Amino acid sequence: MSLGWKLVLQVVVPLFIFGVMLFVPAGTLRYWEAWAFLGVWFIPGLFFCIYFYKRDPALVQRRLHTKEKIEAQKWIMRTVFVILFIAFLIPGLDFRLGWTNSWVGSVPLWLKIASLVVVETCYLLVIWVLDVNRYAARTIQVEAEQQVVSTGPYKWIRHPMYFGSVVMFLFVPLALGSYVALPVFALVLPIYVLRLLNEEKVLRHELPGYPEYCEATPYRLVPYLW
């Protein structure tokens with residue numbers, strides 16, 4: 001299969017899967033928050049897939065590779081998959097059964113819209129990271145010619161992609177109108193922390209110049225905090 005078709009499937013298949021995970025539990029297609037979320041997440045994704053396909057096919061190839069080589073990372077990513085699988089089922093069930101409305105009170109419209117903006121902003125941050133660091137693979141690996149990147153968002157924190165992903169997942173349930181799902185989505189935070197700590201061990205050992213970069217950029221995930 002050509003790289004282009006692999007990329008098409010990389011966009012279409014997740015869109016279908018997330019649609020099923022949101023609308024089937026909701027029991028209806030009249031769930032506008034889900035439609036808005038899918039639009040915010042996948043329409044820009046399609047545009048940037050085309051952009052990177054034309055500009056840097058090697059980066060696209062790296063992002064398509066998902067098989068971790070490090071045993072600890074395999075367990076970490078399996079845990080992330082389970083958490084997110086459960087988390088994305090809850091907003092639709094919440095919409096159908098009215099848990100948030102009954103227990104807490106509905107998520108106000110302004111917060112849903114603001115959360116969509118945050119999700120889109122975090123998505124664009126991840127795209128920025130990919131544009132700055134062409135070796136940002138989906139698996140933990142160091143290539144022979146790879147160099148330390150210290151420009152763009154890497155000037156402030158060592159793991160800007162994780163920062164964008166974590167913040168995005170914290171606002172996804174609010175964009176979908178569910179307070180109930182928020183604690184489940186929040187479980188990805190400690191898992192991402194474990195992932196980046198393990199990743200840093202690999203980078204310090206295998207990537208020349210990374211220990212010096214860590215000294216120059218002391219914050220891992222949150223500027224001026226950690």
# chains A, B, ... in the order shown; residues from 1 in each chain; ligands from 1
call {"tool": "select_by_dssp", "arguments": {"residues": "segment 14-226 of chain A", "states": "helix (DSSP H, G or I)", "output": "ChimeraX atom specification"}}
result
/A:14-26,32-55,57-64,71-97,99-103,109-132,152-155,160-175,182-186,188-206,210-216
call {"tool": "residues_around", "arguments": {"residues": "Thr28 of chain A", "least_positions_apart": "3", "cutoff": "10 Å", "atoms": "only C-alpha atoms", "output": "NGL selection string"}}
result
:A and (22-25 or 31 or 92 or 95-96)
call {"tool": "closest_residue", "arguments": {"among": "A:Phe47, A:Pro108, A:Leu116, A:Glu206", "to": "Trp35 of chain A", "atoms": "only C-alpha atoms"}}
result
A:Leu116
call {"tool": "residues_around", "arguments": {"residues": "Ala36 of chain A", "least_positions_apart": "4", "cutoff": "10 Å", "atoms": "only C-alpha atoms", "output": "number ranges by chain"}}
result
A: 31-32, 40-41, 112-113, 116, 175-176
call {"tool": "residues_around", "arguments": {"residues": "Gln73 of chain A", "least_positions_apart": "3", "cutoff": "8 Å", "atoms": "only C-alpha atoms", "output": "PDB file with C-alpha atoms, in the first residue's frame"}}
result
ATOM      1  CA  GLU A  68       6.985   0.427  20.472  1.00  0.00           C
ATOM      2  CA  LYS A  69      10.310  -1.342  20.939  1.00  0.00           C
ATOM      3  CA  ILE A  70      10.772  -0.581  24.641  1.00  0.00           C
ATOM      4  CA  ILE A  76       2.296   2.601  28.963  1.00  0.00           C
ATOM      5  CA  MET A  77       0.660   2.948  25.554  1.00  0.00           C
ATOM      6  CA  ILE A 140      10.313   6.198  21.434  1.00  0.00           C
ATOM      7  CA  ARG A 195       6.026   7.991  29.401  1.00  0.00           C
ATOM      8  CA  ASN A 198      11.042   6.856  30.492  1.00  0.00           C
TER       9      ASN A 198
END
call {"tool": "residues_around", "arguments": {"residues": "Pro173 of chain A", "least_positions_apart": "3", "cutoff": "10 Å", "atoms": "only C-alpha atoms", "output": "number ranges by chain"}}
result
A: 33, 37, 87-88, 90-91, 107, 112, 115-116, 168-170, 176-186
call {"tool": "write_last_selection", "arguments": {"atoms": "N, CA and C atoms", "output": "PDB file, in the first residue's frame"}}
result
ATOM      1  N   GLU A  33     -22.488  18.577  19.977  1.00  0.00           N
ATOM      2  CA  GLU A  33     -21.158  18.702  20.567  1.00  0.00           C
ATOM      3  C   GLU A  33     -20.184  17.693  19.950  1.00  0.00           C
ATOM      4  N   PHE A  37     -16.853  18.575  17.831  1.00  0.00           N
ATOM      5  CA  PHE A  37     -15.558  18.027  18.222  1.00  0.00           C
ATOM      6  C   PHE A  37     -14.884  17.317  17.057  1.00  0.00           C
ATOM      7  N   ALA A  87     -12.854   6.427  28.175  1.00  0.00           N
ATOM      8  CA  ALA A  87     -13.184   7.845  28.335  1.00  0.00           C
ATOM      9  C   ALA A  87     -14.076   8.354  27.212  1.00  0.00           C
ATOM     10  N   PHE A  88     -13.791   7.929  25.978  1.00  0.00           N
ATOM     11  CA  PHE A  88     -14.568   8.440  24.846  1.00  0.00           C
ATOM     12  C   PHE A  88     -15.952   7.818  24.744  1.00  0.00           C
ATOM     13  N   ILE A  90     -17.881   7.573  27.492  1.00  0.00           N
ATOM     14  CA  ILE A  90     -18.671   8.176  28.560  1.00  0.00           C
ATOM     15  C   ILE A  90     -19.471   9.405  28.116  1.00  0.00           C
ATOM     16  N   PRO A  91     -18.908  10.355  27.331  1.00  0.00           N
ATOM     17  CA  PRO A  91     -19.703  11.541  26.977  1.00  0.00           C
ATOM     18  C   PRO A  91     -21.008  11.204  26.265  1.00  0.00           C
ATOM     19  N   VAL A 107     -23.118  21.641  31.313  1.00  0.00           N
ATOM     20  CA  VAL A 107     -21.952  22.445  30.944  1.00  0.00           C
ATOM     21  C   VAL A 107     -22.456  23.638  30.140  1.00  0.00           C
ATOM     22  N   LYS A 112     -18.374  25.077  26.612  1.00  0.00           N
ATOM     23  CA  LYS A 112     -18.221  24.116  25.522  1.00  0.00           C
ATOM     24  C   LYS A 112     -17.448  24.737  24.357  1.00  0.00           C
ATOM     25  N   SER A 115     -13.845  25.368  25.294  1.00  0.00           N
ATOM     26  CA  SER A 115     -13.115  24.107  25.319  1.00  0.00           C
ATOM     27  C   SER A 115     -12.767  23.643  23.907  1.00  0.00           C
ATOM     28  N   LEU A 116     -13.668  23.854  22.970  1.00  0.00           N
ATOM     29  CA  LEU A 116     -13.367  23.539  21.574  1.00  0.00           C
ATOM     30  C   LEU A 116     -12.192  24.366  21.066  1.00  0.00           C
ATOM     31  N   MET A 168      -5.246  19.087  25.881  1.00  0.00           N
ATOM     32  CA  MET A 168      -6.349  18.802  24.971  1.00  0.00           C
ATOM     33  C   MET A 168      -7.299  17.767  25.561  1.00  0.00           C
ATOM     34  N   PHE A 169      -6.755  16.683  26.107  1.00  0.00           N
ATOM     35  CA  PHE A 169      -7.610  15.634  26.656  1.00  0.00           C
ATOM     36  C   PHE A 169      -8.368  16.101  27.900  1.00  0.00           C
ATOM     37  N   LEU A 170      -7.838  17.083  28.624  1.00  0.00           N
ATOM     38  CA  LEU A 170      -8.552  17.616  29.781  1.00  0.00           C
ATOM     39  C   LEU A 170      -9.759  18.457  29.369  1.00  0.00           C
ATOM     40  N   LEU A 176     -17.420  18.178  24.880  1.00  0.00           N
ATOM     41  CA  LEU A 176     -18.489  17.219  24.593  1.00  0.00           C
ATOM     42  C   LEU A 176     -19.646  17.324  25.587  1.00  0.00           C
ATOM     43  N   GLY A 177     -19.555  18.288  26.503  1.00  0.00           N
ATOM     44  CA  GLY A 177     -20.663  18.540  27.417  1.00  0.00           C
ATOM     45  C   GLY A 177     -20.757  17.590  28.585  1.00  0.00           C
ATOM     46  N   SER A 178     -19.616  17.039  29.026  1.00  0.00           N
ATOM     47  CA  SER A 178     -19.662  16.036  30.101  1.00  0.00           C
ATOM     48  C   SER A 178     -18.660  16.350  31.197  1.00  0.00           C
ATOM     49  N   TYR A 179     -19.159  16.700  32.379  1.00  0.00           N
ATOM     50  CA  TYR A 179     -18.293  16.793  33.553  1.00  0.00           C
ATOM     51  C   TYR A 179     -17.925  15.398  34.059  1.00  0.00           C
ATOM     52  N   VAL A 180     -18.822  14.452  33.883  1.00  0.00           N
ATOM     53  CA  VAL A 180     -18.635  13.105  34.414  1.00  0.00           C
ATOM     54  C   VAL A 180     -17.412  12.428  33.785  1.00  0.00           C
ATOM     55  N   ALA A 181     -17.173  12.695  32.517  1.00  0.00           N
ATOM     56  CA  ALA A 181     -16.055  12.049  31.822  1.00  0.00           C
ATOM     57  C   ALA A 181     -14.708  12.662  32.169  1.00  0.00           C
ATOM     58  N   LEU A 182     -14.696  13.850  32.758  1.00  0.00           N
ATOM     59  CA  LEU A 182     -13.444  14.571  33.009  1.00  0.00           C
ATOM     60  C   LEU A 182     -12.467  13.781  33.880  1.00  0.00           C
ATOM     61  N   PRO A 183     -12.883  13.183  35.001  1.00  0.00           N
ATOM     62  CA  PRO A 183     -11.918  12.435  35.817  1.00  0.00           C
ATOM     63  C   PRO A 183     -11.273  11.268  35.069  1.00  0.00           C
ATOM     64  N   VAL A 184     -12.024  10.642  34.164  1.00  0.00           N
ATOM     65  CA  VAL A 184     -11.468   9.513  33.414  1.00  0.00           C
ATOM     66  C   VAL A 184     -10.433  10.013  32.408  1.00  0.00           C
ATOM     67  N   PHE A 185     -10.754  11.091  31.701  1.00  0.00           N
ATOM     68  CA  PHE A 185      -9.775  11.676  30.780  1.00  0.00           C
ATOM     69  C   PHE A 185      -8.523  12.136  31.527  1.00  0.00           C
ATOM     70  N   ALA A 186      -8.701  12.630  32.746  1.00  0.00           N
ATOM     71  CA  ALA A 186      -7.569  13.135  33.532  1.00  0.00           C
ATOM     72  C   ALA A 186      -6.582  12.038  33.904  1.00  0.00           C
TER      73      ALA A 186
END
call {"tool": "closest_residue", "arguments": {"among": "A:Val188, A:Tyr162, A:Lys155, A:Glu143", "to": "Glu215 of chain A", "atoms": "only C-alpha atoms"}}
result
A:Lys155
call {"tool": "residues_around", "arguments": {"residues": "Arg158 of chain A", "least_positions_apart": "2", "cutoff": "9 Å", "atoms": "only C-alpha atoms", "output": "ChimeraX atom specification"}}
result
/A:150,153-156,160-161,213-214,217-221
call {"tool": "write_last_selection", "arguments": {"atoms": "C-alpha atoms", "output": "mmCIF file, in the first residue's frame"}}
result
data_model
loop_
_atom_site.group_PDB
_atom_site.id
_atom_site.type_symbol
_atom_site.label_atom_id
_atom_site.label_comp_id
_atom_site.auth_asym_id
_atom_site.auth_seq_id
_atom_site.Cartn_x
_atom_site.Cartn_y
_atom_site.Cartn_z
ATOM 1 C CA SER A 150 15.760 23.466 20.921
ATOM 2 C CA PRO A 153 8.095 25.339 21.617
ATOM 3 C CA TYR A 154 11.173 23.353 22.663
ATOM 4 C CA LYS A 155 12.671 26.623 23.936
ATOM 5 C CA TRP A 156 10.261 26.575 26.895
ATOM 6 C CA PRO A 160 5.638 20.317 24.159
ATOM 7 C CA MET A 161 3.762 17.580 22.295
ATOM 8 C CA TYR A 213 19.661 20.565 26.418
ATOM 9 C CA CYS A 214 18.023 19.417 29.677
ATOM 10 C CA THR A 217 15.716 23.869 29.369
ATOM 11 C CA PRO A 218 14.846 22.751 32.913
ATOM 12 C CA TYR A 219 11.081 22.346 32.552
ATOM 13 C CA ARG A 220 9.756 19.054 31.261
ATOM 14 C CA LEU A 221 6.018 19.566 30.801
#
